[in-house]
Amino acid sequence: MPKAPKWLNDTVESLLSGKMPMLQVIAAEYINPAIKRIRFHGDISRLNFHVGYAMAVRVSGTEYRNYTVSYHDAEKGIVEMIAHLHGNAPGSIYVDSLTTGDALRLVPPRGKKMYDSAVKQHFFFGDETSLGLACSLQQSLQKNDQRYRFYFELDHENKNVPALLGLDNYTLVAKGTTFFDAALVNELPLFRIRNWHRGNFILTGNARSVQTIRKVLKQNNISGNILAQAYWAEGKTGL
Ligand SMILES: Cc1cc2nc3c(=O)[nH]c(=O)nc-3n(C[C@H](O)[C@H](O)[C@H](O)COP(=O)(O)OP(=O)(O)OC[C@H]3O[C@@H](n4cnc5c(N)ncnc54)[C@H](O)[C@@H]3O)c2cc1C
């Protein structure tokens with residue numbers, strides 16, 4: 001996301017205050033030291049929510065970062081996100097600092113729709129940054145009785161997080177291994193699932209992984225759709 005001077009961000013926020021709801025943090029929970037779930041409360045009645053939509057959070061005077069809506073309840077005015085605290089960077093530091101009672105304006109959820117209620121099978125590839133999307137997707141998939149399989153590349157210390165978040169039907173691979181190597185992606189059990197090639201393929205997380213997996217899927221002549229969005233790229237700030 002582009003960096004803008006503080007005065008400009010302040011001006012835009014005050015001009016668009018009607019469209020950017022002021023929300024209050026009502027829960028801030030560490031799933032483990034690197035994964036934090038934040039629950040906000042406020043008037044979200046005029047916002048649009050689709051699986052895959054992300055909200056931008058102002059993480060410093062000059063910068064915004066994207067975080068996917070992992071859960072929402074429009075009637076109760078609740079929105080949640082799940083953040084990867086990956087180190088010394090503005091987004092990580094800001095989310096780490098959030099505590100109950102903090103108030104902030106959110107840029108309303110927008111972006112790519114990642115769910116199709118008409119498709120029977122969904123295959124999902126991602127990392128820690130994709131866990132929020134996986135949570136919101138699983139709710140819709142289960143509600144509509146669709147088949148799904150998650151493939152997560154996670155740091156070793158985060159391998160218990162999917163279970164702690166209530167995710168199921170997942171396979172774990174070590175970070176920076178399988179998803180970086182086309183030959184290893186080709187060996188995933190996915191390719192032995194009946195009619196796998198007719199599913200939808202949702203790819204998010206590390207740009208390099210997204211690129212590799214997309215290439216393998218295309219080489220395998222899938223007939224389903226690929227819904228791909230890199231969430232971060234090595235050495236780049238705030239995609
Ligand atoms: C549509 C969209 C939805 C997203 N949803 C989520 C979400 O729900 N949860 C979430 O945690 N993130 C999500 N992200 C990713 C998040 O916006 C980026 O990780 C962002 O770069 C974090 O900002 P930062 O200030 O912490 O790091 P930055 O200042 O942007 O980056 C600093 C350095 O850290 C590296 N870096 C960035 N992210 C990571 C990471 N996760 N692991 C390791 N290195 C990293 C960068 O390559 C860069 O070198 C989403 C991104 C997009 C585009």
# chains A, B, ... in the order shown; residues from 1 in each chain; ligands from 1
$ residues_near_ligand --ligand "ligand 1" --cutoff "8 Å" --atoms "only C-alpha atoms and all ligand atoms" --output "number ranges by chain"
A: 35, 52-55, 59, 65-70, 81-93, 111-112, 127-133, 205-206, 229-239
$ write_last_selection --atoms "C-alpha atoms" --output "compact mmCIF listing (two decimals), in the first residue's frame"
# COMPACT_ATOMS: atom_id res chain seq x y z
CA ILE A 35 -0.88 -14.87 15.81
CA GLY A 52 -11.98 -12.42 0.81
CA TYR A 53 -12.62 -8.76 1.53
CA ALA A 54 -9.93 -6.99 3.53
CA MET A 55 -9.99 -3.80 5.55
CA VAL A 59 -0.81 1.39 11.40
CA ARG A 65 -1.93 -2.29 6.00
CA ASN A 66 -4.51 -4.82 4.76
CA TYR A 67 -6.10 -7.44 7.01
CA THR A 68 -8.83 -9.85 5.91
CA VAL A 69 -12.17 -9.95 7.69
CA SER A 70 -12.14 -13.35 9.38
CA MET A 81 -9.30 -10.08 11.87
CA ILE A 82 -6.37 -12.44 12.48
CA ALA A 83 -2.88 -10.99 12.13
CA HIS A 84 0.53 -12.57 11.75
CA LEU A 85 2.99 -10.76 14.02
CA HIS A 86 6.04 -11.45 11.90
CA GLY A 87 8.50 -9.01 13.39
CA ASN A 88 9.69 -5.46 13.48
CA ALA A 89 7.41 -3.80 10.90
CA PRO A 90 4.70 -1.12 11.26
CA GLY A 91 1.69 -3.43 10.84
CA SER A 92 3.04 -6.11 13.15
CA ILE A 93 4.01 -3.60 15.84
CA GLY A 111 -11.19 -6.48 -2.60
CA LYS A 112 -11.40 -9.82 -4.30
CA ASP A 127 0.29 -19.17 5.18
CA GLU A 128 -0.19 -17.36 8.50
CA THR A 129 -1.52 -14.27 6.68
CA SER A 130 -4.25 -16.44 5.09
CA LEU A 131 -5.67 -17.85 8.33
CA GLY A 132 -8.31 -15.12 8.60
CA LEU A 133 -9.50 -15.84 5.07
CA GLY A 205 0.02 -15.58 1.25
CA ASN A 206 3.62 -15.35 0.10
CA GLN A 229 -3.79 -12.79 -4.51
CA ALA A 230 -0.32 -12.34 -3.06
CA TYR A 231 -0.60 -10.97 0.49
CA TRP A 232 3.07 -10.14 0.96
CA ALA A 233 6.35 -10.39 -0.92
CA GLU A 234 9.85 -10.74 0.48
CA GLY A 235 11.47 -7.32 0.82
CA LYS A 236 8.31 -5.36 -0.13
CA THR A 237 6.28 -3.33 2.32
CA GLY A 238 2.50 -3.42 2.63
CA LEU A 239 1.00 -5.04 -0.47
$ residues_around --residues "Asn195 (chain A)" --least-positions-apart "6" --cutoff "10 Å" --atoms "only C-alpha atoms" --output "list in words"
Lys120, Gln121, Ile222 and Ser223 of chain A
$ closest_residue --among "A:Ile31, A:Met114, A:Ile226, A:Leu8" --to "Arg214 (chain A)" --atoms "only C-alpha atoms"
A:Ile226
$ closest_residue --among "A:Glu13, A:Asp73, A:Asp96, A:Glu80" --to "Tyr30 (chain A)" --atoms "only C-alpha atoms"
A:Asp96
$ atom_distance --atom1 "CA of Arg194 (chain A)" --atom2 "CA of Ala174 (chain A)"
25.5 Å
$ select_by_dssp --residues "region 45-163 of chain A" --states "alpha helix (DSSP H)" --output "short mmCIF file (atom, residue, chain, number, x, y, z; two decimals) with C-alpha atoms, in the first residue's frame"
data_model
loop_
_atom_site.label_atom_id
_atom_site.label_comp_id
_atom_site.auth_asym_id
_atom_site.auth_seq_id
_atom_site.Cartn_x
_atom_site.Cartn_y
_atom_site.Cartn_z
CA PRO A 90 4.70 -1.12 11.26
CA GLY A 91 1.69 -3.43 10.84
CA SER A 92 3.04 -6.11 13.15
CA ILE A 93 4.01 -3.60 15.84
CA TYR A 94 0.67 -1.79 15.64
CA VAL A 95 -1.50 -4.91 15.87
CA ASP A 96 0.68 -6.23 18.68
CA SER A 97 -0.01 -3.02 20.60
CA LEU A 131 -5.67 -17.85 8.33
CA GLY A 132 -8.31 -15.12 8.60
CA LEU A 133 -9.50 -15.84 5.07
CA ALA A 134 -9.55 -19.59 5.81
CA CYS A 135 -11.75 -18.97 8.88
CA SER A 136 -14.31 -16.90 6.98
CA LEU A 137 -14.25 -19.29 4.02
CA GLN A 138 -14.77 -22.37 6.21
CA GLN A 139 -17.93 -20.86 7.71
CA SER A 140 -19.49 -20.49 4.24
CA LEU A 141 -18.23 -23.85 2.97
CA GLN A 142 -19.65 -25.71 5.96
CA LYS A 143 -22.94 -23.83 5.84
CA VAL A 161 -2.77 -22.55 15.19
CA PRO A 162 -5.23 -23.89 12.56
CA ALA A 163 -6.67 -26.32 15.13
#
$ residues_around --residues "Leu217 (chain A)" --least-positions-apart "2" --cutoff "12 Å" --atoms "only C-alpha atoms" --output "PyMOL selection string"
chain A and resi 123+125+182-183+185-188+190-191+196-203+210-215+219-228
$ write_last_selection --atoms "N, CA, C and O atoms" --output "short mmCIF file (atom, residue, chain, number, x, y, z; two decimals), in the first residue's frame"
data_model
loop_
_atom_site.label_atom_id
_atom_site.label_comp_id
_atom_site.auth_asym_id
_atom_site.auth_seq_id
_atom_site.Cartn_x
_atom_site.Cartn_y
_atom_site.Cartn_z
N PHE A 123 -10.07 -25.78 -2.98
CA PHE A 123 -8.72 -26.07 -2.47
C PHE A 123 -8.05 -24.74 -2.16
O PHE A 123 -8.11 -23.81 -2.96
N PHE A 125 -4.70 -22.60 -0.54
CA PHE A 125 -3.25 -22.60 -0.23
C PHE A 125 -2.93 -21.27 0.43
O PHE A 125 -3.29 -20.21 -0.10
N ALA A 182 8.01 -26.46 -7.60
CA ALA A 182 6.93 -26.97 -8.45
C ALA A 182 6.84 -28.50 -8.38
O ALA A 182 5.74 -29.06 -8.33
N ALA A 183 7.99 -29.18 -8.32
CA ALA A 183 7.98 -30.65 -8.29
C ALA A 183 7.31 -31.15 -7.00
O ALA A 183 6.53 -32.11 -7.03
N VAL A 185 5.10 -29.44 -5.17
CA VAL A 185 3.65 -29.10 -5.22
C VAL A 185 2.92 -30.21 -5.99
O VAL A 185 1.86 -30.68 -5.59
N ASN A 186 3.52 -30.67 -7.08
CA ASN A 186 2.94 -31.72 -7.91
C ASN A 186 2.73 -33.03 -7.15
O ASN A 186 1.94 -33.87 -7.57
N GLU A 187 3.46 -33.21 -6.04
CA GLU A 187 3.34 -34.45 -5.27
C GLU A 187 2.28 -34.37 -4.17
O GLU A 187 2.02 -35.34 -3.47
N LEU A 188 1.65 -33.21 -4.02
CA LEU A 188 0.64 -33.07 -2.95
C LEU A 188 -0.51 -34.06 -3.21
O LEU A 188 -0.90 -34.27 -4.37
N LEU A 190 -3.46 -33.74 -3.11
CA LEU A 190 -4.56 -33.08 -3.82
C LEU A 190 -4.81 -33.69 -5.20
O LEU A 190 -5.95 -33.90 -5.61
N PHE A 191 -3.73 -34.00 -5.91
CA PHE A 191 -3.87 -34.43 -7.30
C PHE A 191 -4.41 -35.86 -7.43
O PHE A 191 -4.59 -36.36 -8.53
N TRP A 196 -10.55 -33.49 -8.74
CA TRP A 196 -9.88 -32.35 -8.13
C TRP A 196 -9.78 -31.17 -9.10
O TRP A 196 -9.88 -30.01 -8.70
N HIS A 197 -9.57 -31.47 -10.39
CA HIS A 197 -9.30 -30.40 -11.35
C HIS A 197 -10.51 -29.51 -11.61
O HIS A 197 -10.39 -28.45 -12.21
N ARG A 198 -11.70 -29.94 -11.12
CA ARG A 198 -12.90 -29.11 -11.33
C ARG A 198 -13.15 -28.15 -10.18
O ARG A 198 -14.10 -27.38 -10.19
N GLY A 199 -12.30 -28.22 -9.15
CA GLY A 199 -12.51 -27.36 -7.99
C GLY A 199 -12.10 -25.91 -8.25
O GLY A 199 -11.56 -25.59 -9.31
N ASN A 200 -12.38 -25.07 -7.26
CA ASN A 200 -11.80 -23.73 -7.27
C ASN A 200 -10.53 -23.75 -6.43
O ASN A 200 -10.47 -24.47 -5.42
N PHE A 201 -9.55 -22.96 -6.84
CA PHE A 201 -8.25 -22.95 -6.16
C PHE A 201 -8.00 -21.55 -5.64
O PHE A 201 -7.92 -20.60 -6.43
N ILE A 202 -7.88 -21.43 -4.35
CA ILE A 202 -7.70 -20.12 -3.72
C ILE A 202 -6.27 -20.03 -3.23
O ILE A 202 -5.85 -20.84 -2.40
N LEU A 203 -5.53 -19.11 -3.78
CA LEU A 203 -4.10 -19.00 -3.44
C LEU A 203 -3.83 -17.63 -2.85
O LEU A 203 -4.05 -16.61 -3.51
N VAL A 210 2.46 -18.32 -4.13
CA VAL A 210 1.28 -18.14 -5.00
C VAL A 210 1.68 -18.37 -6.46
O VAL A 210 0.99 -19.09 -7.21
N GLN A 211 2.81 -17.81 -6.83
CA GLN A 211 3.29 -17.91 -8.22
C GLN A 211 3.61 -19.37 -8.60
O GLN A 211 3.22 -19.85 -9.66
N THR A 212 4.28 -20.07 -7.69
CA THR A 212 4.68 -21.47 -7.96
C THR A 212 3.45 -22.37 -8.09
O THR A 212 3.33 -23.17 -9.02
N ILE A 213 2.53 -22.22 -7.14
CA ILE A 213 1.34 -23.10 -7.14
C ILE A 213 0.48 -22.82 -8.37
O ILE A 213 -0.01 -23.74 -9.03
N ARG A 214 0.34 -21.55 -8.71
CA ARG A 214 -0.45 -21.20 -9.89
C ARG A 214 0.13 -21.85 -11.16
O ARG A 214 -0.59 -22.40 -11.99
N LYS A 215 1.47 -21.81 -11.24
CA LYS A 215 2.14 -22.39 -12.41
C LYS A 215 1.84 -23.91 -12.50
O LYS A 215 1.48 -24.42 -13.57
N GLN A 219 -0.22 -26.00 -15.40
CA GLN A 219 0.40 -27.10 -16.15
C GLN A 219 -0.47 -28.36 -16.08
O GLN A 219 -0.42 -29.21 -16.94
N ASN A 220 -1.28 -28.46 -15.03
CA ASN A 220 -2.13 -29.64 -14.86
C ASN A 220 -3.51 -29.48 -15.52
O ASN A 220 -4.40 -30.31 -15.29
N ASN A 221 -3.67 -28.44 -16.30
CA ASN A 221 -4.91 -28.22 -17.06
C ASN A 221 -6.18 -28.30 -16.22
O ASN A 221 -7.09 -29.06 -16.53
N ILE A 222 -6.23 -27.52 -15.18
CA ILE A 222 -7.45 -27.53 -14.36
C ILE A 222 -8.60 -26.89 -15.13
O ILE A 222 -8.39 -26.05 -15.99
N SER A 223 -9.82 -27.31 -14.78
CA SER A 223 -10.97 -26.65 -15.41
C SER A 223 -11.64 -25.67 -14.46
O SER A 223 -12.44 -24.85 -14.87
N GLY A 224 -11.32 -25.77 -13.15
CA GLY A 224 -11.88 -24.81 -12.19
C GLY A 224 -11.16 -23.47 -12.26
O GLY A 224 -10.26 -23.27 -13.08
N ASN A 225 -11.58 -22.56 -11.39
CA ASN A 225 -10.99 -21.21 -11.38
C ASN A 225 -9.84 -21.11 -10.38
O ASN A 225 -9.89 -21.74 -9.33
N ILE A 226 -8.86 -20.29 -10.75
CA ILE A 226 -7.81 -19.94 -9.80
C ILE A 226 -8.10 -18.53 -9.30
O ILE A 226 -8.19 -17.60 -10.10
N LEU A 227 -8.25 -18.40 -7.98
CA LEU A 227 -8.45 -17.07 -7.37
C LEU A 227 -7.19 -16.78 -6.57
O LEU A 227 -6.98 -17.36 -5.49
N ALA A 228 -6.33 -15.96 -7.12
CA ALA A 228 -5.00 -15.78 -6.51
C ALA A 228 -4.78 -14.33 -6.12
O ALA A 228 -5.15 -13.40 -6.85
#
$ atom_distance --atom1 "CA of Arg46 (chain A)" --atom2 "CA of Lys19 (chain A)"
8.3 Å
